[in-house]
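Student: Input model06.txt, format and content: compact mmCIF, C-alpha atoms.
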```txt
# COMPACT_ATOMS: atom_id res chain seq x y z
CA MET A 1 107.50 131.11 138.71
CA LYS A 2 109.61 129.87 141.56
CA GLN A 3 112.74 131.94 142.03
CA PHE A 4 116.08 130.24 142.50
CA SER A 5 119.00 131.96 144.18
CA ASN A 6 122.34 132.15 142.42
CA ARG A 7 123.78 130.06 145.23
CA TYR A 8 121.27 127.30 144.49
CA ILE A 9 122.04 127.42 140.78
CA PHE A 10 125.77 127.08 141.42
CA ILE A 11 125.31 124.18 143.80
CA PHE A 12 122.87 122.47 141.42
CA ALA A 13 125.21 122.84 138.45
CA THR A 14 128.23 121.59 140.40
CA ALA A 15 126.40 118.58 141.76
CA MET A 16 125.02 117.79 138.30
CA VAL A 17 128.45 117.84 136.69
CA ALA A 18 130.01 115.77 139.47
CA ILE A 19 127.33 113.08 139.33
CA VAL A 20 127.38 112.83 135.54
CA ALA A 21 131.18 112.64 135.54
CA LEU A 22 131.04 109.84 138.09
CA ILE A 23 128.50 107.84 136.08
CA LEU A 24 130.39 108.24 132.82
CA SER A 25 133.81 107.38 134.19
CA THR A 26 132.42 104.29 135.90
CA ALA A 27 130.82 103.14 132.67
CA ALA A 28 133.98 103.80 130.69
CA LEU A 29 136.12 101.86 133.16
CA LEU A 30 133.75 98.91 133.29
CA LEU A 31 133.33 98.62 129.52
CA GLN A 32 136.91 99.35 128.48
CA PRO A 33 138.19 95.73 128.56
CA LEU A 34 135.33 94.61 126.31
CA GLN A 35 135.89 97.47 123.87
CA GLU A 36 139.61 96.83 123.61
CA LYS A 37 138.91 93.17 123.04
CA ASN A 38 136.57 94.10 120.17
CA ALA A 39 139.18 96.32 118.54
CA GLU A 40 141.73 93.53 118.84
CA VAL A 41 139.41 90.94 117.31
CA GLU A 42 138.63 93.36 114.49
CA LYS A 43 142.34 93.77 113.76
CA LYS A 44 142.90 90.03 113.76
CA ARG A 45 139.99 89.54 111.37
CA ASN A 46 141.44 92.11 109.00
CA ILE A 47 144.89 90.53 109.08
CA LEU A 48 143.37 87.13 108.38
CA ALA A 49 141.22 88.53 105.57
CA SER A 50 144.33 89.67 103.70
CA VAL A 51 145.47 86.05 103.35
CA GLY A 52 141.98 84.97 102.35
CA VAL A 53 140.89 83.53 105.68
CA GLU A 54 137.36 84.61 106.56
CA ALA A 55 137.06 84.82 110.32
CA THR A 56 133.98 85.64 112.36
CA GLU A 57 133.98 87.51 115.65
CA ASP A 58 133.91 84.19 117.48
CA ASN A 59 136.67 82.24 115.78
CA ALA A 60 139.04 85.12 114.94
CA GLU A 61 141.28 84.42 117.95
CA THR A 62 141.64 80.71 117.23
CA LEU A 63 142.21 81.21 113.52
CA TYR A 64 144.71 83.97 114.19
CA ASP A 65 146.75 81.72 116.46
CA GLN A 66 146.51 78.96 113.88
CA TYR A 67 147.58 80.93 110.80
CA ILE A 68 149.69 83.82 112.01
CA THR A 69 152.89 82.20 113.17
CA GLY A 70 155.00 85.22 113.83
CA SER A 71 155.36 88.96 113.67
CA PHE A 72 158.18 91.43 113.89
CA ALA A 73 158.79 95.12 113.42
CA LEU A 74 161.35 96.87 111.23
CA ASP A 75 162.90 100.28 111.53
CA ASN A 76 163.27 102.47 108.48
CA GLU A 77 166.57 100.82 107.59
CA SER A 78 164.84 97.46 107.52
CA SER A 79 166.64 95.99 110.50
CA ARG A 80 164.51 94.08 112.93
CA LEU A 81 163.57 95.64 116.22
CA ASP A 82 163.35 93.05 118.93
CA ASP A 83 161.73 95.12 121.62
CA VAL A 84 158.59 96.08 119.66
CA ASP A 85 155.41 94.00 119.58
CA ALA A 86 154.21 94.33 115.98
CA PHE A 87 150.57 93.73 116.86
CA THR A 88 150.35 96.75 119.13
CA VAL A 89 151.90 99.19 116.64
CA ASP A 90 149.41 101.89 115.70
CA LEU A 91 150.34 102.85 112.16
CA ARG A 92 148.41 106.11 112.25
CA LYS A 93 150.48 107.28 115.20
CA GLU A 94 153.69 106.04 113.56
CA GLN A 95 153.04 108.10 110.43
CA ARG A 96 153.00 111.30 112.47
CA LYS A 97 156.53 110.63 113.73
CA PRO A 98 159.68 111.52 111.80
CA LEU A 99 160.70 108.73 109.44
CA GLU A 100 163.73 107.66 111.49
CA GLU A 101 161.55 106.91 114.50
CA GLN A 102 158.80 105.03 112.68
CA VAL A 103 158.49 101.27 112.98
CA PHE A 104 156.99 99.03 110.32
CA PRO A 105 155.21 95.85 111.41
CA VAL A 106 155.24 92.60 109.45
CA PHE A 107 153.08 89.56 110.20
CA VAL A 108 154.01 86.09 109.03
CA ALA A 109 151.29 83.64 108.08
CA SER A 110 151.55 79.91 107.36
CA LEU A 111 148.84 79.03 104.90
CA ASP A 112 146.97 75.81 104.28
CA ASP A 113 148.95 75.03 101.11
CA GLY A 114 152.19 75.05 103.13
CA THR A 115 153.48 78.39 101.86
CA THR A 116 154.41 81.36 103.97
CA SER A 117 152.92 84.77 103.46
CA TYR A 118 154.08 88.16 104.72
CA ILE A 119 151.44 90.66 105.75
CA MET A 120 151.96 94.40 105.96
CA PRO A 121 149.52 96.98 107.29
CA LEU A 122 148.48 99.99 105.20
CA GLU A 123 147.16 103.33 106.33
CA GLY A 124 146.31 106.40 104.30
CA LYS A 125 143.98 109.32 103.73
CA GLY A 126 140.84 108.81 101.67
CA LEU A 127 138.43 111.45 100.42
CA TRP A 128 136.45 111.95 103.65
CA GLY A 129 138.52 110.13 106.22
CA PRO A 130 141.14 107.48 106.81
CA ILE A 131 141.44 104.38 104.62
CA TYR A 132 143.39 101.38 105.80
CA GLY A 133 144.00 97.73 105.14
CA TYR A 134 146.47 94.87 104.96
CA ILE A 135 148.40 93.47 102.04
CA SER A 136 149.88 89.98 102.01
CA LEU A 137 152.73 88.88 99.76
CA ASN A 138 153.71 85.41 98.65
CA GLU A 139 156.99 83.81 99.69
CA ASP A 140 158.83 85.46 96.78
CA LEU A 141 157.99 88.86 98.34
CA ARG A 142 157.06 90.11 94.87
CA THR A 143 153.57 88.79 94.18
CA ILE A 144 150.47 89.88 96.03
CA ASN A 145 148.65 87.06 97.77
CA GLY A 146 145.69 89.12 98.81
CA VAL A 147 144.57 92.48 100.16
CA THR A 148 141.88 93.80 102.41
CA PHE A 149 140.85 97.43 102.56
CA ASP A 150 138.47 99.34 104.72
CA HIS A 151 137.54 102.94 105.23
CA LYS A 152 136.00 105.21 107.79
CA SER A 153 133.62 107.31 105.73
CA GLU A 154 134.09 107.05 101.96
CA THR A 155 131.01 107.68 99.80
CA PRO A 156 128.71 104.63 99.76
CA GLY A 157 128.48 103.06 96.33
CA LEU A 158 131.50 105.01 95.08
CA GLY A 159 134.71 105.24 97.12
CA ALA A 160 133.29 102.85 99.71
CA GLU A 161 133.55 100.08 97.11
CA ILE A 162 137.22 99.63 98.05
CA ASN A 163 136.22 97.05 100.64
CA GLU A 164 134.17 95.04 98.14
CA SER A 165 135.53 91.72 96.95
CA TRP A 166 135.44 92.63 93.24
CA PHE A 167 137.90 95.44 93.91
CA GLU A 168 140.11 93.62 96.40
CA GLY A 169 140.16 90.51 94.21
CA GLN A 170 141.89 92.38 91.40
CA PHE A 171 145.08 92.68 93.41
CA ILE A 172 145.69 88.96 93.68
CA ASP A 173 148.81 87.86 91.77
CA LYS A 174 149.81 91.40 90.81
CA LEU A 175 153.50 92.22 91.02
CA LEU A 176 155.04 94.97 93.14
CA PHE A 177 158.43 94.90 91.37
CA GLU A 178 159.48 95.23 87.78
CA ASP A 179 163.07 94.18 86.89
CA GLY A 180 163.96 94.37 90.56
CA GLU A 181 162.67 97.90 90.98
CA PHE A 182 159.74 98.78 93.23
CA VAL A 183 156.84 100.06 91.11
CA SER A 184 153.87 99.45 93.46
CA ILE A 185 150.40 99.05 91.96
CA THR A 186 148.63 101.69 89.88
CA VAL A 187 144.90 102.12 90.26
CA GLN A 188 144.01 102.92 86.66
CA LYS A 189 141.11 105.19 85.83
CA GLY A 190 139.21 103.87 82.84
CA GLY A 191 140.41 100.35 83.49
CA ALA A 192 143.81 98.70 83.57
CA ASP A 193 145.21 97.11 80.42
CA GLU A 194 144.52 93.42 80.24
CA GLY A 195 147.43 91.47 81.61
CA ASP A 196 149.20 94.46 83.13
CA PRO A 197 150.78 92.98 86.25
CA HIS A 198 151.18 96.34 87.98
CA ALA A 199 147.72 97.91 87.58
CA VAL A 200 144.13 97.38 88.63
CA ASP A 201 140.85 99.06 87.60
CA ALA A 202 139.85 102.18 89.51
CA ILE A 203 136.31 102.66 90.80
CA SER A 204 134.20 104.74 88.46
CA GLY A 205 132.89 107.71 90.41
CA GLY A 206 135.42 107.06 93.13
CA THR A 207 138.44 108.64 91.52
CA ILE A 208 139.77 110.48 94.56
CA THR A 209 139.48 107.41 96.77
CA SER A 210 141.12 105.30 94.05
CA LYS A 211 144.02 107.73 93.80
CA ALA A 212 144.28 107.88 97.59
CA LEU A 213 144.45 104.11 97.71
CA GLU A 214 147.20 104.06 95.12
CA ALA A 215 149.16 106.62 97.16
CA MET A 216 148.57 104.62 100.34
CA LEU A 217 149.97 101.47 98.73
CA TYR A 218 153.06 103.29 97.52
CA ASP A 219 153.72 105.32 100.65
CA CYS A 220 153.37 102.40 103.00
CA LEU A 221 155.13 99.75 100.96
CA VAL A 222 158.08 101.92 99.93
CA ASN A 223 159.31 101.66 103.51
CA TYR A 224 159.54 97.91 103.16
CA VAL A 225 161.45 97.88 99.87
CA GLU A 226 164.85 97.12 101.44
CA PHE A 227 163.36 94.31 103.47
CA LEU A 228 161.53 92.88 100.46
CA LYS A 229 164.63 93.05 98.25
CA THR A 230 167.06 91.50 100.70
CA ASN A 231 164.77 88.69 101.79
CA SER A 232 163.33 87.57 98.48
CA GLU A 233 164.56 84.45 96.83
CA MET B 1 99.30 119.68 146.99
CA SER B 2 96.60 118.95 149.56
CA ASN B 3 93.72 117.52 147.60
CA GLU B 4 95.49 115.30 145.15
CA LYS B 5 93.12 113.89 142.60
CA GLU B 6 92.59 110.18 142.29
CA ARG B 7 95.46 108.23 140.78
CA GLU B 8 95.16 107.75 137.08
CA PRO B 9 95.51 104.17 135.77
CA LEU B 10 98.93 103.60 134.20
CA PHE B 11 97.53 103.08 130.74
CA SER B 12 94.61 105.49 130.72
CA ALA B 13 93.22 106.70 127.41
CA LYS B 14 95.16 109.92 127.80
CA ASN B 15 98.40 108.07 128.41
CA LEU B 16 97.88 105.73 125.50
CA LYS B 17 97.36 108.74 123.30
CA LEU B 18 100.85 109.90 124.28
CA LEU B 19 102.18 106.65 122.90
CA ARG B 20 100.03 106.46 119.81
CA GLU B 21 99.92 110.00 118.47
CA PRO B 22 103.62 110.33 117.59
CA LEU B 23 103.39 107.15 115.55
CA GLY B 24 100.86 108.67 113.20
CA GLU B 25 99.21 112.07 113.20
CA ASN B 26 101.92 113.74 115.23
CA ASN B 27 104.96 111.89 113.92
CA PRO B 28 108.18 113.76 114.69
CA ILE B 29 109.65 113.17 111.24
CA THR B 30 106.76 113.32 108.82
CA VAL B 31 104.58 115.88 110.60
CA GLN B 32 106.91 117.96 112.74
CA VAL B 33 109.80 117.43 110.29
CA LEU B 34 112.41 117.05 113.04
CA GLY B 35 115.43 114.76 113.11
CA ILE B 36 115.68 114.59 109.33
CA CYS B 37 119.47 114.72 109.27
CA SER B 38 120.03 111.42 111.03
CA ALA B 39 117.06 109.88 109.22
CA LEU B 40 118.90 110.42 105.96
CA ALA B 41 122.28 109.34 107.18
CA VAL B 42 121.74 105.98 108.84
CA THR B 43 119.07 104.45 106.63
CA VAL B 44 121.23 102.92 103.90
CA LYS B 45 120.75 99.51 105.51
CA LEU B 46 118.05 98.14 107.77
CA LYS B 47 120.30 97.00 110.59
CA PRO B 48 121.79 100.39 111.46
CA SER B 49 118.30 101.89 111.13
CA VAL B 50 116.96 99.47 113.71
CA VAL B 51 119.88 99.99 116.07
CA MET B 52 119.57 103.76 115.70
CA ALA B 53 115.83 103.51 116.43
CA ILE B 54 116.45 101.45 119.57
CA SER B 55 119.23 103.80 120.71
CA VAL B 56 116.98 106.83 120.30
CA VAL B 57 114.15 105.10 122.19
CA VAL B 58 116.48 104.42 125.11
CA VAL B 59 118.04 107.88 125.10
CA LEU B 60 114.75 109.75 124.78
CA ALA B 61 112.75 107.68 127.27
CA VAL B 62 115.42 107.81 129.97
CA SER B 63 116.29 111.49 129.42
CA ASN B 64 112.59 112.36 129.54
CA VAL B 65 112.22 110.56 132.87
CA ILE B 66 115.35 112.13 134.38
CA VAL B 67 114.36 115.63 133.30
CA SER B 68 110.83 115.07 134.51
CA ILE B 69 112.00 113.90 137.96
CA PHE B 70 114.09 117.04 138.36
CA ARG B 71 111.58 119.35 136.70
CA LYS B 72 110.79 121.16 139.95
CA SER B 73 114.35 121.50 141.17
CA VAL B 74 115.98 122.60 137.92
CA PRO B 75 116.49 126.37 137.90
CA PRO B 76 114.84 127.62 134.68
CA ARG B 77 117.90 129.70 133.86
CA ILE B 78 120.08 126.64 133.38
CA ARG B 79 117.42 124.20 132.23
CA ILE B 80 118.77 123.97 128.68
CA ILE B 81 122.24 123.15 130.01
CA PHE B 82 120.70 120.57 132.31
CA GLN B 83 118.84 118.96 129.39
CA LEU B 84 121.96 118.90 127.25
CA VAL B 85 124.01 117.30 130.01
CA VAL B 86 121.38 114.61 130.53
CA ILE B 87 121.15 113.85 126.79
CA ALA B 88 124.91 113.88 126.34
CA MET B 89 125.36 111.51 129.24
CA MET B 90 122.79 109.09 127.87
CA VAL B 91 124.27 109.22 124.38
CA ILE B 92 127.79 108.55 125.64
CA LEU B 93 126.49 105.61 127.67
CA VAL B 94 124.69 104.17 124.63
CA ASP B 95 127.79 104.68 122.49
CA GLN B 96 130.01 102.93 125.03
CA VAL B 97 127.59 100.02 125.36
CA LEU B 98 127.35 99.62 121.58
CA LYS B 99 131.14 99.65 121.29
CA ALA B 100 131.36 96.93 123.90
CA PHE B 101 128.50 94.68 122.83
CA ALA B 102 127.67 95.48 119.19
CA PHE B 103 131.00 96.49 117.69
CA GLU B 104 130.06 95.89 114.03
CA VAL B 105 127.00 98.08 114.31
CA SER B 106 128.76 100.79 116.24
CA LYS B 107 131.31 100.92 113.42
CA GLN B 108 128.55 101.46 110.88
CA LEU B 109 126.77 104.09 112.94
CA SER B 110 130.11 105.73 113.79
CA VAL B 111 129.48 109.43 114.27
CA PHE B 112 125.70 109.24 114.14
CA VAL B 113 125.36 107.87 117.66
CA GLY B 114 127.21 110.93 118.87
CA LEU B 115 124.90 113.06 116.77
CA ILE B 116 121.84 111.82 118.70
CA ILE B 117 122.82 114.64 121.06
CA THR B 118 121.89 117.15 118.39
CA ASN B 119 118.71 115.36 117.36
CA CYS B 120 116.04 118.04 117.63
CA ILE B 121 113.37 115.54 118.61
CA ILE B 122 115.08 114.84 121.92
CA MET B 123 115.65 118.44 122.97
CA GLY B 124 112.16 119.24 121.72
CA ARG B 125 110.45 116.60 123.86
CA LEU B 126 112.46 117.46 126.96
CA GLU B 127 111.68 121.14 126.67
CA ALA B 128 108.06 120.81 125.54
CA PHE B 129 106.92 117.81 127.52
CA ALA B 130 109.16 116.43 130.25
CA LEU B 131 109.65 119.78 131.98
CA ALA B 132 105.91 120.10 132.54
CA ASN B 133 104.78 116.53 133.12
CA LYS B 134 105.20 113.66 135.56
CA PRO B 135 107.83 110.96 135.00
CA TRP B 136 105.46 108.21 133.85
CA GLU B 137 103.76 110.40 131.24
CA SER B 138 107.16 111.65 130.14
CA PHE B 139 108.38 108.08 129.81
CA LEU B 140 105.45 107.19 127.55
CA ASP B 141 105.88 110.38 125.56
CA GLY B 142 109.57 109.54 125.08
CA ILE B 143 108.84 105.99 123.95
CA GLY B 144 106.08 107.20 121.63
CA ASN B 145 108.09 109.92 119.94
CA ALA B 146 111.23 107.86 119.58
CA ALA B 147 109.18 104.97 118.22
CA GLY B 148 107.55 107.32 115.73
CA TYR B 149 111.01 108.42 114.65
CA GLY B 150 112.27 104.83 114.56
CA LEU B 151 109.26 103.65 112.57
CA ILE B 152 110.04 106.06 109.74
CA LEU B 153 113.73 105.16 109.93
CA ILE B 154 112.92 101.48 109.54
CA ILE B 155 110.50 102.06 106.65
CA VAL B 156 113.04 104.20 104.82
CA GLY B 157 115.84 101.74 105.66
CA PHE B 158 113.78 98.87 104.31
CA PHE B 159 113.17 100.48 100.93
CA ARG B 160 116.70 101.78 100.59
CA GLU B 161 118.30 98.45 101.39
CA PHE B 162 115.79 96.48 99.31
CA LEU B 163 115.99 98.63 96.19
CA GLY B 164 119.56 99.85 96.60
CA SER B 165 121.39 96.68 97.60
CA GLY B 166 118.78 94.02 96.86
CA THR B 167 118.98 92.65 100.39
CA ILE B 168 116.94 92.71 103.61
CA PHE B 169 118.98 92.57 106.82
CA GLY B 170 121.87 91.54 104.57
CA TRP B 171 119.93 88.58 103.15
CA PRO B 172 120.05 88.64 99.32
CA VAL B 173 116.32 88.62 98.52
CA MET B 174 116.64 89.85 94.94
CA GLU B 175 119.27 87.24 94.17
CA LYS B 176 117.19 84.43 95.65
CA ILE B 177 114.15 85.23 93.53
CA GLY B 178 116.45 85.34 90.53
CA ILE B 179 115.45 88.77 89.32
CA TYR B 180 119.00 89.63 88.20
CA ASN B 181 118.74 86.94 85.53
CA ILE B 182 116.06 88.90 83.70
CA GLY B 183 118.19 92.03 83.60
CA TYR B 184 117.26 93.80 86.84
CA GLU B 185 119.93 96.00 88.38
CA ASN B 186 120.14 97.44 91.89
CA ASN B 187 119.37 101.12 91.96
CA GLY B 188 122.64 102.61 93.21
CA PHE B 189 120.91 105.95 93.63
CA MET B 190 118.90 104.55 96.55
CA ILE B 191 122.11 104.25 98.54
CA LEU B 192 122.84 107.97 98.34
CA PRO B 193 121.32 110.44 100.82
CA PRO B 194 119.08 112.30 98.31
CA MET B 195 116.93 109.22 97.84
CA ALA B 196 116.35 109.03 101.59
CA LEU B 197 114.95 112.52 101.42
CA ILE B 198 112.72 111.57 98.50
CA THR B 199 111.58 108.41 100.31
CA VAL B 200 110.68 110.47 103.39
CA GLY B 201 108.88 112.87 101.05
CA ILE B 202 106.85 110.05 99.57
CA ILE B 203 105.90 108.83 103.06
CA ILE B 204 104.79 112.36 103.96
CA TRP B 205 102.79 112.55 100.74
CA ILE B 206 101.02 109.24 101.35
CA GLN B 207 100.30 110.16 104.96
CA ARG B 208 98.83 113.54 104.06
CA SER B 209 96.74 112.22 101.22
CA ARG B 210 95.14 109.79 103.67
CA ASN B 211 94.78 112.29 106.49
CA ARG B 212 93.60 115.64 105.11
CA ASP B 213 93.81 117.32 108.54
CA LEU B 214 97.59 117.37 108.28
CA VAL B 215 97.60 119.44 105.10
CA ASP B 216 98.37 123.11 105.68
CA LYS B 217 95.26 125.22 105.23
CA SER B 218 97.00 128.16 103.62
```
The structure given in the file should be rewritten as structure tokens.
Tutor:
Amino acid sequence: MKQFSNRYIFIFATAMVAIVALILSTAALLLQPLQEKNAEVEKKRNILASVGVEATEDNAETLYDQYITGSFALDNESSRLDDVDAFTVDLRKEQRKPLEEQVFPVFVASLDDGTTSYIMPLEGKGLWGPIYGYISLNEDLRTINGVTFDHKSETPGLGAEINESWFEGQFIDKLLFEDGEFVSITVQKGGADEGDPHAVDAISGGTITSKALEAMLYDCLVNYVEFLKTNSE
Amino acid sequence: MSNEKEREPLFSAKNLKLLREPLGENNPITVQVLGICSALAVTVKLKPSVVMAISVVVVLAVSNVIVSIFRKSVPPRIRIIFQLVVIAMMVILVDQVLKAFAFEVSKQLSVFVGLIITNCIIMGRLEAFALANKPWESFLDGIGNAAGYGLILIIVGFFREFLGSGTIFGWPVMEKIGIYNIGYENNGFMILPPMALITVGIIIWIQRSRNRDLVDKS
């Protein structure tokens, strides 16, 4: 077998690393605008889905501009922050900060029936990875207009069902408040009682994800309680 | 080399065999039993199976060619590192391209694209074939092996999506033929990884019962 000197091996390895690094960084730089665009479109589709507007990759931008008429961010005392763009807030990063520094985005949608809906992002921990979504409230800031959930890696057929329409559909018209107090929504194992305005059915076999989703709803929405109370009619 | 033998035609019988063998009697999944992990993970639906198959074809063919081109200048002592760097580079490129042009699919494949790096088929072909053969043969070998892998992925993906979700490429076949009306239910078990293993097992069984040479003599 041909013998290679140590010098040759070092030069070979260095050149290899340098060339590969060059190729990869070029590719990353060239493709980055497209990738960011995709992430943005995905976010807009999710926001629209929470008010029941189904957008495709192609019309998400147009529909977003049409339906979402405003957005603002709140601090943890529910006063508006003027210098923050709500769309660019990364909730996962916010949740790692101390509560006083966190900001809470709200999106305002004008729907086809002339009503206004307020959309809030959700972010929590599922069984295997993050779960997230958006919840939209009617003008009264009490009743749920719609929700959309998604997950990174919940078990298919079990926890992963949270993004199915049968599960999401249950939340419509549920109430977040009882006698003026914030109660959130319970995800009830074994099925919610018929007519209970504060509970939905859990997913059989997906108990941990169901519980995680319940915690996510409470933990995220509790920060908005002041805002919801003061602004409701 | 002074007396180089006559150039072989591009698609000689020997070269075609490189393409054909991994599809059947030397299939990386069913015969060599490599790359099982990703075969179980991405085959819940047909679409990710197909994208995974295409990604592996690209990664394996190109890595095979690159390694084969450098086969005489790579010091044997760092050849494994060299192979890994080549594979990792290809995988990152594929991942970036998917994120830019097929975002939905890249979301479904999530970590599995990254895991192509650890797919034993790729390292295996680089080490066993590309290091000792010319670029063109290595290219064919890469295409053949990755296609053999992809073929099984697509077969498994087809059955799992069809029986587990009642759809093919997301199109509701079972619903259209009205089978739910007579009390049929989707088999939720097909969606879970164990059924992928059993499906692969059934494919191996069928293949070996048709081709006795593959059965272990012992």
Student: Give the residues of chain B that lie within 10 Å of chain A; count all atoms listed in the file, and format the answer as a ChimeraX atom specification.
Tutor: /B:44,72-78,81-82,85-86,88-90,92-93,96-104,107-108,110-111,164-165,188-193
Student: Store the residues picked out above in a file with C-alpha atoms, as a CSV table (one decimal), keeping the file's coordinate frame.
Tutor:
```
chain,number,residue,atom,x,y,z
B,44,VAL,CA,121.2,102.9,103.9
B,72,LYS,CA,110.8,121.2,140.0
B,73,SER,CA,114.4,121.5,141.2
B,74,VAL,CA,116.0,122.6,137.9
B,75,PRO,CA,116.5,126.4,137.9
B,76,PRO,CA,114.8,127.6,134.7
B,77,ARG,CA,117.9,129.7,133.9
B,78,ILE,CA,120.1,126.6,133.4
B,81,ILE,CA,122.2,123.2,130.0
B,82,PHE,CA,120.7,120.6,132.3
B,85,VAL,CA,124.0,117.3,130.0
B,86,VAL,CA,121.4,114.6,130.5
B,88,ALA,CA,124.9,113.9,126.3
B,89,MET,CA,125.4,111.5,129.2
B,90,MET,CA,122.8,109.1,127.9
B,92,ILE,CA,127.8,108.6,125.6
B,93,LEU,CA,126.5,105.6,127.7
B,96,GLN,CA,130.0,102.9,125.0
B,97,VAL,CA,127.6,100.0,125.4
B,98,LEU,CA,127.4,99.6,121.6
B,99,LYS,CA,131.1,99.6,121.3
B,100,ALA,CA,131.4,96.9,123.9
B,101,PHE,CA,128.5,94.7,122.8
B,102,ALA,CA,127.7,95.5,119.2
B,103,PHE,CA,131.0,96.5,117.7
B,104,GLU,CA,130.1,95.9,114.0
B,107,LYS,CA,131.3,100.9,113.4
B,108,GLN,CA,128.6,101.5,110.9
B,110,SER,CA,130.1,105.7,113.8
B,111,VAL,CA,129.5,109.4,114.3
B,164,GLY,CA,119.6,99.8,96.6
B,165,SER,CA,121.4,96.7,97.6
B,188,GLY,CA,122.6,102.6,93.2
B,189,PHE,CA,120.9,106.0,93.6
B,190,MET,CA,118.9,104.6,96.6
B,191,ILE,CA,122.1,104.2,98.5
B,192,LEU,CA,122.8,108.0,98.3
B,193,PRO,CA,121.3,110.4,100.8
```
Student: For Tyr118 of chain A, which residue out of A:Ala192, A:Ile172, A:Leu81, A:Val51 is the nearest one, using only C-alpha atoms?
Tutor: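 Checking each candidate against Tyr118 of chain A, we get A:Val51 as the closest.
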Student: Can you work out the spacing between atom CA of Glu168 of chain A and atom CA of Leu99 of chain A in Å, to one decimal?
Tutor: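 Rounded to one decimal, the two atoms are 28.7 Å apart.
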Student: Rounded to one decimal in Å, what is the spacing between atom CA of Thr88 of chain A and atom CA of Glu101 of chain A?
Tutor: 15.8 Å
Student: What does the structure give for the distance between atom CA of Val105 of chain B and atom CA of Val51 of chain B, in Å to one decimal?
Tutor: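 Spanning atom CA of Val105 of chain B to atom CA of Val51 of chain B is a straight-line distance of 7.6 Å.
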